Structure formats: C-alpha cells, structure tokens
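So the structure is just underneath, and the comments pick up after that.
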Amino acid sequence: MPEPRLTGLGGGLFCGTLMFLLGCLDRLLFGASPTVYGVLFLPVCLLTAIWVRKSDLAAPPVIVPIAFAVGLLPVADGSGGLSGRLMGLATALATQAGWLYGGTLVAGVIATVRKVRLMRRRADKRRPPAP
C-alpha cells in the first residue's frame, strides 16, 4: 500500500472530494442508497486517518464528519429548491448518524493510536540507555 502523507488540508480535500465522488457514484449506480454511502464512508475514514502525516493527527476526527456532509449532498433527497435540498440534507444527516459516528470513531481511534505510538517512540529516544 502506498505511504502518502497528507497535511490536514490535504486530508480534508482528499476525504471531501472522494466522498462527494462516491456520493455521485452511489446516486448513479444505486439510486442514492444511504446505506451504500455509509458503507463506503468507513474505508475513506480509515485511509484518511492512516495517510495523514504525524504532525496533523488531530485533523482526521474533524475532517471526516465534514466530508460525510459534503458527500451526502448528491445522496440526500431534496426537491423544491434550496430549502428542500437543505431539509433533505438535514434529514439524511439525522437518519445516517450511525455511519457518521462510526466513521468518526474509526478515524479518531486510528489517529489516537498513531499519536500514542509516536509519543512512546519519542520518549524512548530521550530515555538514557540502561547500564
């Protein structure tokens, strides 16, 4: 697997763009199935948390909920102009909160584990060698 290292902004662009494209693909192939969209959201969260660089590990838990909402735009049902579209988005966010929380949890746990491992390595390097 490639080892890209994304900045916080790059991770946001990666995650947001990919979720929007997956939302459009979901609408095209599956008729805007929220379940398919939610299932596709989880690996994107995983990749975002793995690929963000060490100095930006606080970003993935913030990025992924925003990307979920961006990608939900083509999936959410809405008619009747802007207000109907916003109502559809709010309804989709409320009914698909489980996927949103699950993906945010995945990103948060991975980022936390990576940060703890990084802190342990730094502490081990500073510790003087045992006699």
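Lettering and numbering for the structure tokens are positional, with chains as A, B, ... in the shown order, residues counted from 1 in each chain, and ligands counted from 1 in the shown order.
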
Dump as a tab-separated table the rows for residues of region 47-126 of chain A within 9 Å of region 17-24 of chain A: closest atom pair and distance in Å with one decimal, only C-alpha atoms counted, ordered by chain and rising residue number.
residue	atom	partner	partner_atom	distance
A:Ala67	CA	A:Met19	CA	6.2
A:Phe68	CA	A:Met19	CA	6.6
A:Ala69	CA	A:Met19	CA	8.8
A:Val70	CA	A:Phe20	CA	6.0
A:Gly71	CA	A:Phe20	CA	3.7
A:Leu72	CA	A:Gly23	CA	6.1
A:Leu73	CA	A:Gly23	CA	7.4
A:Pro74	CA	A:Cys24	CA	5.7
A:Val75	CA	A:Gly23	CA	5.7

- With a distance cut-off of 8 Å and only C-alpha atoms, select the neighbouring residues of region 109-116 of chain A, excluding the residue or stretch itself and same-chain residues fewer than 6 positions from it, and output the selection as a list in words.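 In the requested format, the answer is Leu46, Ala49, Ile50, Lys54, Leu57, Ala58, Pro60 and Pro61 of chain A.
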
Same residues, N, CA and C atoms, output as an mmCIF file, in the first residue's frame:
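The result, stored in again03.cif:
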data_model
loop_
_atom_site.group_PDB
_atom_site.id
_atom_site.type_symbol
_atom_site.label_atom_id
_atom_site.label_comp_id
_atom_site.auth_asym_id
_atom_site.auth_seq_id
_atom_site.Cartn_x
_atom_site.Cartn_y
_atom_site.Cartn_z
ATOM 1 N N LEU A 46 -10.869 5.411 7.284
ATOM 2 C CA LEU A 46 -9.671 4.634 7.604
ATOM 3 C C LEU A 46 -8.459 5.150 6.837
ATOM 4 N N ALA A 49 -7.284 8.651 8.058
ATOM 5 C CA ALA A 49 -6.569 8.602 9.337
ATOM 6 C C ALA A 49 -5.189 7.966 9.198
ATOM 7 N N ILE A 50 -5.049 7.019 8.296
ATOM 8 C CA ILE A 50 -3.743 6.363 8.096
ATOM 9 C C ILE A 50 -2.801 7.260 7.313
ATOM 10 N N LYS A 54 2.126 12.812 10.622
ATOM 11 C CA LYS A 54 2.176 12.744 12.083
ATOM 12 C C LYS A 54 1.845 14.070 12.755
ATOM 13 N N LEU A 57 -2.235 14.830 13.174
ATOM 14 C CA LEU A 57 -3.094 13.733 13.627
ATOM 15 C C LEU A 57 -4.385 14.188 14.307
ATOM 16 N N ALA A 58 -4.485 15.440 14.655
ATOM 17 C CA ALA A 58 -5.737 15.937 15.237
ATOM 18 C C ALA A 58 -6.788 16.210 14.167
ATOM 19 N N PRO A 60 -7.988 14.281 11.319
ATOM 20 C CA PRO A 60 -8.974 13.314 10.805
ATOM 21 C C PRO A 60 -10.309 13.264 11.541
ATOM 22 N N PRO A 61 -10.350 13.308 12.878
ATOM 23 C CA PRO A 61 -11.668 13.293 13.517
ATOM 24 C C PRO A 61 -12.505 14.539 13.225
#

Using only C-alpha atoms, the shortest atom-to-atom distance to Ala76 (chain A) among A:Pro131, A:Gly103, A:Gly10, A:Pro34 belongs to A:Pro34

Here is a test: counting only C-alpha atoms, which residue of A:Thr104, A:Ala59, A:Arg53, A:Ala32 is nearest to Leu118 (chain A)?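 Result for the nearest residue to Leu118 (chain A): A:Arg53.
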
(Q) Going by DSSP on the backbone, which residues of region 31-106 of chain A come out as alpha helix (DSSP H)? List them as an MDAnalysis selection string. (A) chainID A and resid 34:51 60:72 82:95 97:106

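For the residues A:Arg126, A:Phe14, A:Asp26, A:Pro43, ranking by smallest atom-to-atom distance to Gly102 (chain A) using only C-alpha atoms places A:Pro43 first.
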
Could you check the closest approach to Ala107 (chain A) for each of A:Ser55, A:Thr48, A:Thr91, A:Ser83 and tell me which residue wins, using only C-alpha atoms?
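Going through A:Ser55, A:Thr48, A:Thr91, A:Ser83 one by one, the smallest distance to Ala107 (chain A) is for A:Thr48.
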
Rounded to one decimal place, report the CA of Gly98 (chain A)-CA of Gly81 (chain A) distance in Å.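 Taking CA of Gly98 (chain A) and CA of Gly81 (chain A), their separation equals 27.4 Å.
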